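Trainee: The following block contains the structure, expressed as structure tokens.
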Amino acid sequence: MLLLEHLWIILALPLAGAAINGLCGKRWPKSAVNSVAIGSVSLAFLAAAETVREFSHLAAAQIPYVKSYFTWIVAGPFKVDFALQVDQLTVVMLLTVSFVGMLIHIYSTGYMAHEGGYYRFFSYLNLFKFFMLTLVLAANLIVMFVGWEGVGLCSYLLIGFWFLKKSAADAGKKAFITTRIGDFGFTVGVLLVFWTFGSVNFGDIFKSVSGMPAESMAQMGILTVICLLLFTGAVGKSAQLPLYVWLPDAMEGPTPVSALIHAATMVTAGVYMVARMHPLFSRAPIAMLVVAIVGALTAFYSATIGLVQTDIKKVLAYSTVSQLGYMFLACGVGAYGAGIFHLMTHAFFKGLLFLAAGSVIHAMGGEQDMRQMGGLRKKIPFTYWTMFIATLAIAGIPGFAGFFSKDQILEAVQSGPHANPLLWLLGVVGAALTSFYMFRLVFLTFFGAPRYDEHKVHVHESPVNMTVPLMILAFLSIFGGWFAAPKLVGGVDHFTKFLDPVFSSYALPGAEVAAEVPAEAAATPATELLHALTGVPVIVGILGLLLAWWFYIKNPETPKRLAQKARGLHALLLNKYYVDEIYAALIVRPLLWLSTNVFWHAVDEGVIDAAVNGTASVARASGGQVRKLQSGNARSYAAWIIIGAVGFTVLLLGLLGVVR
Amino acid sequence: MIPLPAEQLLNLHRVAPEVVLCVFGIVIMVVDPFVQAAGRRALGWLAFIGALTALASVHLAAHFPGRAYSDLVNVDRFSIFVHVVVIGAASLAILGSLDYLEGEGLQRGEYYALVLFATAGMGILAGANELVTAFIGLEMSSISSYVLAGFRRRALPSNEASVKYFLLGSFATAFFLYGIAMVYGATGTTLISGIQTFLVSLPPSQHLPALAILGLGLIFVGLGFKVVVAPFQAYAPDVYEGAPTPVTALLASAPKVATFALMLRVFYVSFGSAQHLWFWVIWISAVLTMFIGNLGALMQTNVKRMLGYSSIAHAGYILVAFAASTDLGIAAALFYLSAYVLMKVGAFLVVTHLGQQGERRLAVADYAGLGMKQPVLAACFSLFLFSLLGLPVTGGFLGKFFAFQSALDAKIVWLVVIAGINSVIGAYYYLRVIIAMYFWEPSQDYTPTPVAPALSAALLVAAAGTLYLGLLPTRVLVLAKAAADSLSLLSLR
């Protein structure tokens, strides 16, 4: 029980790596930086694995295993320990994050080999791992929040890594500010949790909430408010409607960062948090419905944008937003296990897609526009095959990881206790679109004739430290979902069964866990299998494949003609529904205008003078600094004081008369 | 030597910090003319030692809690807490001034003496149990500040700052004095506890006297000016921008703390029974302050002015805790103030160093590439900015967290929502500086000068303190809570 006692070691390792590389890496050769970075995350993964091994020996009563290290904050009744915990949900997240993270670290040593600031990159990446693992291992909301904000900070640093690119720095800022809107909701949610339950520890909260009755659809109780606020945080962090706008821009960062942070780990934090707080969500049906609707709409909406994007990473970015939508959809219908399952398989195949895309970009010498690619299949076979596998996985083709998880989600939406035909329809159409845009990506990139200048671009396969992670992830993209396979032949879904203790322990009395929909009595193993293989999700997945093949291989002229015919729609999708422009017009520009014209020019430069004696413009025109000193602002400032004095005394006296 | 009567000795102990500060100030003033220009730096160190001695004497005063000089001065845990924060801020500002004055050719003893006198005035504010005493403290600190703001005599902005500060400050002080007169007229006393006794002892059927409430409104004007809350904030950006930067560091921190302390005493203790009235004044002022501070800062291209606006915004967040009107709220405000002092003084001291001679380099663009040129300094500045922004593991985050928590506890939900919107807006302008430091191409024409030892020591203390409050806040929180308790003990409610 060595490591289970000392969970902090898992956190300390990447933190130490970050510190060492950050402080000394500048003077060290790349090989030394590599050893520190990869060494620390590999050790962290081994520590995580050992922890899980020890965890598996625990008795059910000892789970969740909570370990408190010291009392962090005491403020009257408000007490926060630095406490970590392990339960089955943590195990899944811990292994996924540390393993995929390790692979991406290895890959990065190849991808970033020719970049400046090498040590800085790995220092940030390690720091990110530290915060992400903190988030996952946290035993209370405050520690979780530290991880939550920390990953945001690292994401910001890493998006803006190529700081000489203005667009990169802007994208970093956008990501940070947009997610902060969500984080504010999250903070207030945490405060309300403390206010309601008198504690921020997961164990205490869940214990108190398990005695509470579920709120109804008609009543907007405190649990609903809390859940909606927490979900706001998830919407920001996991890039859901309407706060998703930062994620596509975040693609300005290096590709391994997109793979690690903006596909496999950080963006799934919102899903993890909702699943973690499921005892609250399960009792707040309005919040659940909101989660499901936001998830389904996002899944559909961003899939439509993905249809027409030409930048290979942008397609994947919108795809990530869409897949995260599926995870929330699952949580929203109470199938938390299915959501986490999809989170895990998505980490495999989406991480792989990004890394493979990075390999393509690497091979093309930095080109990201798919219109300038084509015919790469033969030249970079490793990349091609692994990416093809990942595409099969995300499209939900039977046998691949995505098939199992997506199937579970759609099944829960279709026939679970919170089934909803409309949401199911959105999910299914989204699945068809997903398959289409992913195969479009593959066909445009790897098939057809080369559309680049073969004399200028020397396409080359990536080095071995990049291809090996690809192959490992490809393996997982196939087999990572097979935990659920026995169910198809009448057996047990091992993944759901593993997580079951987490999601059933605080369930509402009498309520079924949604993922465990009892099979129809008449179903035999064979019909079950047949049913799954011929189910609607599979059919639409294959349909998407065929359609993409028809459009981009059989008749490559069709897309252009179609785009011409439906010009309006095409432009709408290509410009992402103009949401960025709408936000700029409705929020950003008015704020900046207000700041410039009202608070700067008017208040600051003393236009209020005009209100006092109408001389402001004269004073400024004839004045300059000296004149301003003699007359201008001081008088208008004094006017402010008088206005304030009159206003407040009148208010006070008014209240005195009215209130008493 | 004739031994002092025990009573007098006790009284002296209770005002030991102020006595020490004034003695050191006078000594520096007297010695100044006899010191060679080259040796004036030593006066700065003498002032620093004076401030440290004053800090130590706070410890002495803490051993003799109670009232002094016919109840004019109050020594309780609240005043002790505020004393430490105020004198601490002044010590940091002195450390940060040493090399700045050297570079500007302004190294003179009177500067340090004025800082010490101002600090003594703030000490009186923090401990005052009587409004006229408070007035004297307020004036002591204000008049010293007016001179300090104009200390760069040859620089026009500095002159402008001084004159504006003086004119408007006098104006606001008049309101304060008039308010005291009205309260005296209504209640027959100027003792903070006496006013409370009078108001509480009124029969429940009777209205609170309108004259006293009117007086309270005017007192709020005078104090609101000093803590820089809307709509009395207008002068602040000009003054903060024009004053020599280490003076700005002092002005934006210590007087706010001391005046907030007095405000808490007057509002909670004296006018506790009128809380339902002044609550709305605080509420409105908080909203205005936050919006004006944050929106004003949004488009500034001058870092010093931006930080000036940001300190307006922070006064607004402190008002949120104030509005909660609970023990927890007071404790949150005190905690916030300590974190605020550290991060604000720290930030302004970074600006002090980077401004270079004549304060030429204050634009955001001048910070381009600092992260590569002076990584440690840039990291410190980032820490202060992140703390001002309210990111976890910094004192600024927990300050906001406790402030919002106390307001939610008191069910002031809308104010918290507005504060939240504002803290999101705030992210924009703080980040801009960080982006400039790390993500912009360094300008070629500028070679960084190393940070002088005294300034680096001040920066390190501020940075370590900011982190300490973010990582291990419990000790300070316990002290803040005890201070809040000692205040609410007085407030009979």
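By order of appearance in the structure tokens: chains A, B, ..., then residues from 1 within every chain, and ligands from 1 in the order shown.
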Write out as a ChimeraX atom specification the residues lying within 6 Å of range 104-115 of chain A, counting only C-alpha atoms and excluding same-chain residues fewer than 3 positions away.

Mentor: /A:101,465-466

Trainee: Skipping near chain neighbours, those fewer than 2 positions away, what residues fall within 6 Å of range 208-211 of chain B using only C-alpha atoms, listed as a PDB file with all heavy atoms, in the first residue's frame?

Mentor:
ATOM      1  N   MET B 182     -22.161  67.124  11.776  1.00  0.00           N
ATOM      2  CA  MET B 182     -23.579  66.749  11.793  1.00  0.00           C
ATOM      3  C   MET B 182     -23.835  65.600  12.749  1.00  0.00           C
ATOM      4  O   MET B 182     -24.808  65.598  13.505  1.00  0.00           O
ATOM      5  CB  MET B 182     -24.023  66.355  10.395  1.00  0.00           C
ATOM      6  CG  MET B 182     -24.194  67.539   9.495  1.00  0.00           C
ATOM      7  SD  MET B 182     -24.804  66.979   7.918  1.00  0.00           S
ATOM      8  CE  MET B 182     -25.050  68.555   7.139  1.00  0.00           C
ATOM      9  N   ALA B 186     -26.207  65.603  16.059  1.00  0.00           N
ATOM     10  CA  ALA B 186     -27.334  64.696  16.258  1.00  0.00           C
ATOM     11  C   ALA B 186     -27.177  63.843  17.503  1.00  0.00           C
ATOM     12  O   ALA B 186     -28.155  63.519  18.188  1.00  0.00           O
ATOM     13  CB  ALA B 186     -27.504  63.802  15.032  1.00  0.00           C
ATOM     14  N   ILE B 213     -27.790  60.553   9.954  1.00  0.00           N
ATOM     15  CA  ILE B 213     -27.698  59.785   8.709  1.00  0.00           C
ATOM     16  C   ILE B 213     -27.114  60.650   7.597  1.00  0.00           C
ATOM     17  O   ILE B 213     -26.291  60.203   6.793  1.00  0.00           O
ATOM     18  CB  ILE B 213     -29.096  59.254   8.308  1.00  0.00           C
ATOM     19  CG1 ILE B 213     -29.626  58.312   9.395  1.00  0.00           C
ATOM     20  CG2 ILE B 213     -29.051  58.533   6.976  1.00  0.00           C
ATOM     21  CD1 ILE B 213     -28.714  57.153   9.704  1.00  0.00           C
ATOM     22  N   LEU B 214     -27.529  61.911   7.589  1.00  0.00           N
ATOM     23  CA  LEU B 214     -26.950  62.852   6.638  1.00  0.00           C
ATOM     24  C   LEU B 214     -25.436  62.925   6.862  1.00  0.00           C
ATOM     25  O   LEU B 214     -24.640  62.897   5.912  1.00  0.00           O
ATOM     26  CB  LEU B 214     -27.593  64.228   6.849  1.00  0.00           C
ATOM     27  CG  LEU B 214     -27.403  65.250   5.737  1.00  0.00           C
ATOM     28  CD1 LEU B 214     -28.027  64.747   4.452  1.00  0.00           C
ATOM     29  CD2 LEU B 214     -28.015  66.590   6.139  1.00  0.00           C
TER      30      LEU B 214
END

Trainee: With 8 Å as the limit and counting only C-alpha atoms, what residues in chain B lie close to chain A? Please list them as number ranges by chain.

Mentor: B: 160, 164, 167-168, 171-172, 207-208, 210, 213-214, 217-218, 221, 230-232, 234-235, 277-278, 281, 292, 295-299, 391-393, 405, 408-409, 420-421, 424, 427-428, 431, 435, 438-441, 471-474, 477-478, 481

Trainee: For CA of Phe45 in chain A and CA of Phe99 in chain A, determine how far apart the two atoms are, in Å to one decimal place.

Mentor: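 That distance, rounded to one decimal, is 6.0 Å.
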
Trainee: So that I can check the surroundings of range 134-147 of chain B, please list as a PyMOL selection string every protein, DNA and RNA residue that reaches within 7 Å of it, counting only C-alpha atoms and ignoring chain neighbours fewer than 2 positions away.

Mentor: chain B and resi 114+117-119+121-122+124-125+128+130-132+149-151+162+165-166

Trainee: Just the selected residues (N, CA, C and O atoms), exported as a tab-separated table (two decimals), in the first residue's frame, please.

Mentor:
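Writing the result to again34.tsv gives the following:
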chain	number	residue	atom	x	y	z
B	114	LEU	N	8.48	62.14	5.13
B	114	LEU	CA	7.07	62.26	4.76
B	114	LEU	C	6.39	60.89	4.72
B	114	LEU	O	5.24	60.74	5.15
B	117	PHE	N	5.70	59.99	8.27
B	117	PHE	CA	4.58	60.76	8.84
B	117	PHE	C	3.25	60.27	8.28
B	117	PHE	O	2.27	60.12	9.01
B	118	ALA	N	3.23	60.05	6.98
B	118	ALA	CA	2.00	59.54	6.37
B	118	ALA	C	1.60	58.22	7.03
B	118	ALA	O	0.44	58.00	7.36
B	119	THR	N	2.59	57.37	7.23
B	119	THR	CA	2.30	56.07	7.83
B	119	THR	C	1.78	56.25	9.26
B	119	THR	O	0.85	55.55	9.69
B	121	GLY	N	0.11	58.73	10.34
B	121	GLY	CA	-1.28	59.17	10.20
B	121	GLY	C	-2.20	57.99	9.95
B	121	GLY	O	-3.29	57.88	10.53
B	122	MET	N	-1.77	57.09	9.10
B	122	MET	CA	-2.60	55.91	8.82
B	122	MET	C	-2.75	55.05	10.05
B	122	MET	O	-3.80	54.45	10.29
B	124	ILE	N	-2.87	56.15	13.05
B	124	ILE	CA	-3.89	56.78	13.88
B	124	ILE	C	-5.29	56.45	13.36
B	124	ILE	O	-6.19	56.12	14.12
B	125	LEU	N	-5.43	56.50	12.03
B	125	LEU	CA	-6.71	56.13	11.42
B	125	LEU	C	-7.15	54.74	11.85
B	125	LEU	O	-8.31	54.49	12.15
B	128	ALA	N	-8.17	54.81	15.62
B	128	ALA	CA	-8.99	55.89	16.17
B	128	ALA	C	-10.33	55.37	16.70
B	128	ALA	O	-10.98	54.56	16.08
B	130	GLU	N	-12.35	57.84	17.80
B	130	GLU	CA	-13.02	59.13	17.92
B	130	GLU	C	-12.84	59.83	16.59
B	130	GLU	O	-11.78	59.76	15.97
B	131	LEU	N	-13.88	60.53	16.13
B	131	LEU	CA	-13.86	60.98	14.75
B	131	LEU	C	-12.88	62.13	14.50
B	131	LEU	O	-12.28	62.19	13.42
B	132	VAL	N	-12.72	63.01	15.49
B	132	VAL	CA	-11.78	64.11	15.25
B	132	VAL	C	-10.35	63.59	15.24
B	132	VAL	O	-9.51	64.03	14.44
B	149	ALA	N	3.25	63.10	-3.78
B	149	ALA	CA	2.78	62.93	-5.16
B	149	ALA	C	3.49	63.91	-6.08
B	149	ALA	O	3.72	63.62	-7.26
B	150	GLY	N	3.87	65.09	-5.55
B	150	GLY	CA	4.53	66.07	-6.41
B	150	GLY	C	6.03	66.07	-6.26
B	150	GLY	O	6.68	67.06	-6.57
B	151	PHE	N	6.58	64.98	-5.78
B	151	PHE	CA	8.00	64.98	-5.44
B	151	PHE	C	8.91	65.10	-6.64
B	151	PHE	O	10.04	65.57	-6.52
B	162	SER	N	-0.02	66.30	-7.91
B	162	SER	CA	0.00	66.88	-6.58
B	162	SER	C	-1.10	67.92	-6.40
B	162	SER	O	-1.85	67.90	-5.42
B	165	TYR	N	-4.57	66.31	-6.48
B	165	TYR	CA	-4.78	65.54	-5.26
B	165	TYR	C	-5.08	66.49	-4.10
B	165	TYR	O	-6.00	66.26	-3.31
B	166	PHE	N	-4.32	67.57	-4.05
B	166	PHE	CA	-4.49	68.53	-2.97
B	166	PHE	C	-5.86	69.20	-3.03
B	166	PHE	O	-6.61	69.23	-2.05
